[in-house]
Every structure is written in structure tokens, then in C-alpha cells.
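Below: one structure, written as C-alpha cells.
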Amino acid sequence: PIYLDNNATTPLDPRVLEAMLPYLTEHFGNAASRDHAFGWAAKEAVDYAREQIAALINSNPKEIIFTSGATESNNLAIKGVFEMYAAKGNHIITVTTEHKAVLDTCKHLEKLGGAITYLNVNKEGLIDLNELEAAITPKTILISVMYANNETGVIQPIREISAIAHKYGILFMTDATQAVGKIPVDVEADKIDLMAFSGHKLYGPKGVGALYVRRKNPSVKITAQMDGGGHERGMRSGTLNVPGIVGLGKACELCRLEMANDAERIGKLRDHLETELLQIEETQRNGYKEHCLPHVANISFKYVEGESLMMGLKDLAVSSGSACTSASMEPSYVLKALGLSDNLAYSSLRFSLSRFTTAEQIKYAISHVQEVVEKLRNMSPHWKM
Ligand code: PMP
């Protein structure tokens, strides 16, 4: 099957694996062991990875905290700010189209006395900056808006959002899991205070991620969510995942060097895929085209049932516009927030390309989708024949 689901996870780049291997074998030391060369080698590798990561996002290496992934980074940032700023306020502003790692963290805080505002998005997936500003209260301690959406690829106006936050002395955090490594993300230019990202979305390994925490501004403080040996300057205890961290570092370095070329090539493939699929009658593209990740296309195929579409496309690994919950298939809440009906959300597909996607694969994907959509529509009682 052809893999076009890179927003779910990317394959490990072989160069990343190569960098990691020695740290799974001979260099097995604990980065916190100060008394011998095994520990020093591990620590050196971790320090180097911190520099590679910092170079990608234009931060200081000391501003990087290693975690188990973006879910943990989001939890650490949001719960950490909530606890640290309890005396100032309990109000957090976020958006309905955030990933569950942010939304469910906020839901949890509501049970602990947090007040959360969930901003809506327009039909293109963007928030309204006036609505954001109007939602701010003297109790607002954090604004958390994702950099780019995992389902639609829509990129929010991050610089404008952080400017509004800072005008009111509020911290700005962003879940940049889908953006880092794919488009330029610069924590200085964007004035980001806290930023979550993850290894397995940028050709690195799973189970490792990072939280960027601004140090130049002393008011950016969080409480730890994992207590113990005081690793990562006390903000995240636990023996460091050295091979994972080495992999994340190498993956970030490769993205820094290759991102511009990759984005241009992949963007053309995506545009071709999209143009061809939108030639099919009764299709639509979801999300703001002018402000979208270069490798993502989200397309709805009216009069086609989502489940049958996925079944028909078994040679194509893509994501559907639904999410399995315990009992049933739910239409995507992200697409619904853009105003899609349940049916249209169900009949949507997310295509996400990668550095390894080829023109041949896209050509095959186009003809395969065309064929399956036509076949299903001819079987559908709702389709005009
Ligand atoms: N945020 C976004 C926007 C994501 O797409 C994902 C991964 N689906 C996460 C957070 C969670 O990342 P991780 O798998 O590293 O916990």
C-alpha cells in the first residue's frame, strides 16, 4: 500500500536510525551519570541534540525540555502554567479545532476549577483575532493556539496571536507538532513562550518530543508534572531517552537543511493531487488554501460514504474524516467546526505527503481515488445517474 498518512506519523529517516543505533548499543550510558565516561558520552550526545533542535526553531539549547512526545509537552505546558499562575487567574483561551492533547488537558483543568474559552473557527479553519482579544479577562493566564492543524493543515496567524497575548501580559503557547520541520518556525520571530512538538512527525522516532520554554522572559514559568530526580532542570524528571533524543536531534538537523527543498517538491505533488481530485464532480477542499501546510490536502467527496471509501481504497493509507470512539464512528470535530455536515465530514479524506512520497505514488493515488469514487457513486441511491 501507498502511505499518504504522514500527519499520523512519518517513517523514520534511515539517516536518523543510523545516528541512533550506537546509543542503543555501545553508548548505553545514563546521561545523568557524572562519574564515568559512559555517562559523559550520553550527556554529550544529548547536549548535541539540544543544539540541533534549537537551531531548527531559533531558540537557545537551554530552552528545550525533552519529553515523551507532544501529548506530554502539551500537558506539561498547560497544566504547568495553570498551577504556576493559580494566584493570578484560572482562565485559558484555546480553540475548538485543537488536538485532543490540548482539548482534553483543558477539560481536565475545568474539573479543577479552570475556566476555558474555546474559540470557534470560520469555514476556512481560522480563528478571529477580534474574538480572541474580546475573550481576554483579567484572569486569563494562557492563550494556546496550535500552529498548524493536523486534519486540514491550516496555519493560524501565530505572530498576530502572540502579539495580542503579550499586549495583555498573557503567556502564549502553541502546539506546533505538525508545523516544526515542515515550515519555518522561529520562536523569536513568532514570540512564542511555550511550544510543543514531537519526533515522529518529522521523520524521527516515536516516544520522544520536546517542550520549548522561553527563558529570556523570566515570567515564563511552569510547575513540573513529573517529579523525581530533577532532570531537565527539574521540569521533567526521568532518565533521558538518549537514543530517542539523538534521533530527534538528527531529525531536526535534516529538516533544517532540507525543509525548503522538500516543501517545494512536496507542495507541487500535493497541488497536483488536489487539482486532479477536485476535477471530480461534487468535491471540495477543506481549509484555507493560502495558509496551509504544503504537504496536506483535505478533500470531501459528496455522495460517497466514508467507510466504503476507506474500504475501497485499501491500497492507499490515508485518514478518513471520522474518528473511532469506543462505541461508534464520530464525524471529525475539526471538519464540523469548519461547518461541514456530518455526512460531508464522513466523506472526507486527509492526504498527507512526506519527503519519501514520489510522483508515481501520487499518480496512482489520483487514479485509484477517481475510480473508487465513481464506482461508489454509481452504487449510491443519492447519486444522480
Ligand atoms: N498535537 C498534534 C497537532 C498532533 O497532530 C499530535 C499527533 N497526532 C499530537 C499533538 C500528539 O503527539 P504525540 O503523538 O507525540 O503525543
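Chain labels run A, B, ... following the order of the C-alpha cells; each chain numbers its residues from 1, and ligands are numbered from 1 in the order shown.
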
_Which residues are near segment 234-251 of chain A? Cut-off 7 Å, only C-alpha atoms, ignore same chain within fewer than 2 positions. Put them as a count of residues only._
33

*Using DSSP on the backbone, list every residue of segment 97-308 of chain A that comes out as helix (DSSP H, G or I), and give them as an NGL selection string.*
:A and (100-111 or 129-135 or 158-167 or 199-201 or 232-234 or 242-278 or 289-291 or 306-308)

_What residues of the protein or nucleic acid chains come within 6 Å of ligand 1 when you use only C-alpha atoms and all ligand atoms? Reply as a PyMOL selection string._
chain A and resi 8+69-71+99+101+149-150+175+177-178+198

File of the preceding selection, C-alpha atoms, as a PDB file, in the first residue's frame:
```pdb
ATOM      1  CA  ALA A   8      -0.396  10.449  11.706  1.00  0.00           C
ATOM      2  CA  GLY A  69       6.112  13.410  22.809  1.00  0.00           C
ATOM      3  CA  ALA A  70       3.775  16.249  22.009  1.00  0.00           C
ATOM      4  CA  THR A  71       0.961  14.912  24.176  1.00  0.00           C
ATOM      5  CA  HIS A  99      -5.737  18.308  19.067  1.00  0.00           C
ATOM      6  CA  ALA A 101      -3.862  16.551  23.732  1.00  0.00           C
ATOM      7  CA  ASN A 149      -3.962  21.797  12.185  1.00  0.00           C
ATOM      8  CA  ASN A 150      -3.359  18.063  11.896  1.00  0.00           C
ATOM      9  CA  ASP A 175       1.113  23.079  19.730  1.00  0.00           C
ATOM     10  CA  THR A 177       3.548  19.316  16.292  1.00  0.00           C
ATOM     11  CA  GLN A 178       2.532  19.439  12.623  1.00  0.00           C
ATOM     12  CA  SER A 198       7.270  15.618  18.538  1.00  0.00           C
TER      13      SER A 198
END
```

*Within 7 Å of Ser73 of chain A, counting only C-alpha atoms, which residues qualify if same-chain residues fewer than 6 places away don't, as JSON, numbers by chain?*
{"A": [67, 196, 210, 211]}

*Residues at most 8 Å from Ile141 of chain A, counting only C-alpha atoms, excluding those fewer than 4 positions away in the same chain, as a PyMOL selection string?*
chain A and resi 81-82+85+88-92+170-171

Filtering to N, CA and C atoms, could you give me those residues as a compact mmCIF listing (two decimals), in the first residue's frame?
```
# COMPACT_ATOMS: atom_id res chain seq x y z
N VAL A 81 1.46 25.81 33.55
CA VAL A 81 1.10 27.23 33.66
C VAL A 81 -0.08 27.39 34.61
N PHE A 82 -1.06 26.51 34.47
CA PHE A 82 -2.27 26.59 35.31
C PHE A 82 -1.89 26.56 36.80
N TYR A 85 0.42 29.74 37.85
CA TYR A 85 -0.23 31.05 37.85
C TYR A 85 -1.58 31.04 38.57
N LYS A 88 -2.73 34.23 39.95
CA LYS A 88 -3.10 35.31 39.03
C LYS A 88 -4.48 35.07 38.40
N GLY A 89 -4.77 33.83 38.07
CA GLY A 89 -6.05 33.57 37.42
C GLY A 89 -6.20 32.12 37.02
N ASN A 90 -7.38 31.82 36.46
CA ASN A 90 -7.69 30.42 36.13
C ASN A 90 -8.22 30.30 34.70
N HIS A 91 -8.06 31.38 33.91
CA HIS A 91 -8.71 31.40 32.59
C HIS A 91 -7.71 31.12 31.47
N ILE A 92 -8.09 30.16 30.61
CA ILE A 92 -7.25 29.79 29.47
C ILE A 92 -8.10 29.93 28.21
N ILE A 170 -0.09 38.16 28.80
CA ILE A 170 -0.52 36.76 28.91
C ILE A 170 0.47 35.87 28.18
N LEU A 171 0.72 34.69 28.69
CA LEU A 171 1.64 33.76 28.03
C LEU A 171 0.99 33.18 26.78
```

*Using atom CA of Phe351 of chain A and atom CA of Gly125 of chain A as the two end points, give the distance in Å to one decimal.*
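Taking atom CA of Phe351 of chain A and atom CA of Gly125 of chain A, their separation equals 17.1 Å.
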
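Close contacts of Ala148 of chain A, defined as residues with an atom at most 7 Å away when counting only C-alpha atoms, with chain neighbours fewer than 5 positions off set aside, comprise Gly153, Val154, Ile155, Gln156, Ala176, Gln178 and Ala179 of chain A.
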
Check the DSSP output for the backbone and give back, as a compact mmCIF listing (two decimals) with N, CA and C atoms, in the first residue's frame, the residues of segment 252-300 of chain A in strand (DSSP E).
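See states.txt below for the written result:
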```
# COMPACT_ATOMS: atom_id res chain seq x y z
N THR A 283 -16.89 17.74 -5.33
CA THR A 283 -15.83 17.58 -4.34
C THR A 283 -15.52 18.97 -3.79
N GLN A 284 -14.93 19.04 -2.63
CA GLN A 284 -14.48 20.33 -2.10
C GLN A 284 -13.23 20.15 -1.26
N ARG A 285 -12.44 21.21 -1.23
CA ARG A 285 -11.24 21.22 -0.44
C ARG A 285 -11.58 21.87 0.90
N VAL A 296 -0.30 18.81 2.89
CA VAL A 296 -1.59 18.31 3.34
C VAL A 296 -2.73 18.73 2.40
N ALA A 297 -3.62 17.79 2.10
CA ALA A 297 -4.84 18.10 1.36
C ALA A 297 -5.99 17.37 2.03
N ASN A 298 -7.05 18.11 2.33
CA ASN A 298 -8.24 17.50 2.93
C ASN A 298 -9.41 17.74 1.99
N ILE A 299 -9.97 16.67 1.47
CA ILE A 299 -10.96 16.79 0.40
C ILE A 299 -12.22 15.98 0.73
N SER A 300 -13.37 16.58 0.48
CA SER A 300 -14.65 15.88 0.69
C SER A 300 -15.20 15.43 -0.64
```

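With distances restricted to only C-alpha atoms, A:Leu194 is the closest residue to Leu76 of chain A from A:Leu119, A:Pro14, A:Thr140, A:Leu194.
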
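Relative to atom CA of Glu72 of chain A, atom CA of Gly181 of chain A is found at 18.9 Å.
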
*Counting only C-alpha atoms, what is within 6 Å of segment 172-174 of chain A, bar same-chain residues fewer than 5 positions away, as a PyMOL selection string?*
chain A and resi 142-147+162+192-195

Store the residues picked out above, limited to C-alpha atoms, as a PDB file, in the first residue's frame.
```pdb
ATOM      1  CA  LEU A 142      -2.639  31.451  28.868  1.00  0.00           C
ATOM      2  CA  ILE A 143      -3.574  31.534  25.197  1.00  0.00           C
ATOM      3  CA  SER A 144      -2.987  28.187  23.495  1.00  0.00           C
ATOM      4  CA  VAL A 145      -3.442  28.052  19.719  1.00  0.00           C
ATOM      5  CA  MET A 146      -1.993  25.345  17.520  1.00  0.00           C
ATOM      6  CA  TYR A 147       0.455  26.336  14.794  1.00  0.00           C
ATOM      7  CA  SER A 162       1.258  36.153  20.252  1.00  0.00           C
ATOM      8  CA  ILE A 192       6.352  32.057  21.335  1.00  0.00           C
ATOM      9  CA  ASP A 193       6.579  31.385  25.088  1.00  0.00           C
ATOM     10  CA  LEU A 194       5.910  27.641  25.098  1.00  0.00           C
ATOM     11  CA  MET A 195       5.850  25.249  22.161  1.00  0.00           C
TER      12      MET A 195
END
```

*Would you list the contacts of segment 102-110 of chain A as a PyMOL selection string, taking every protein, DNA or RNA residue within 7 Å and counting only C-alpha atoms, but skipping same-chain residues closer than 4 positions in sequence?*
chain A and resi 74-75+98+114-116
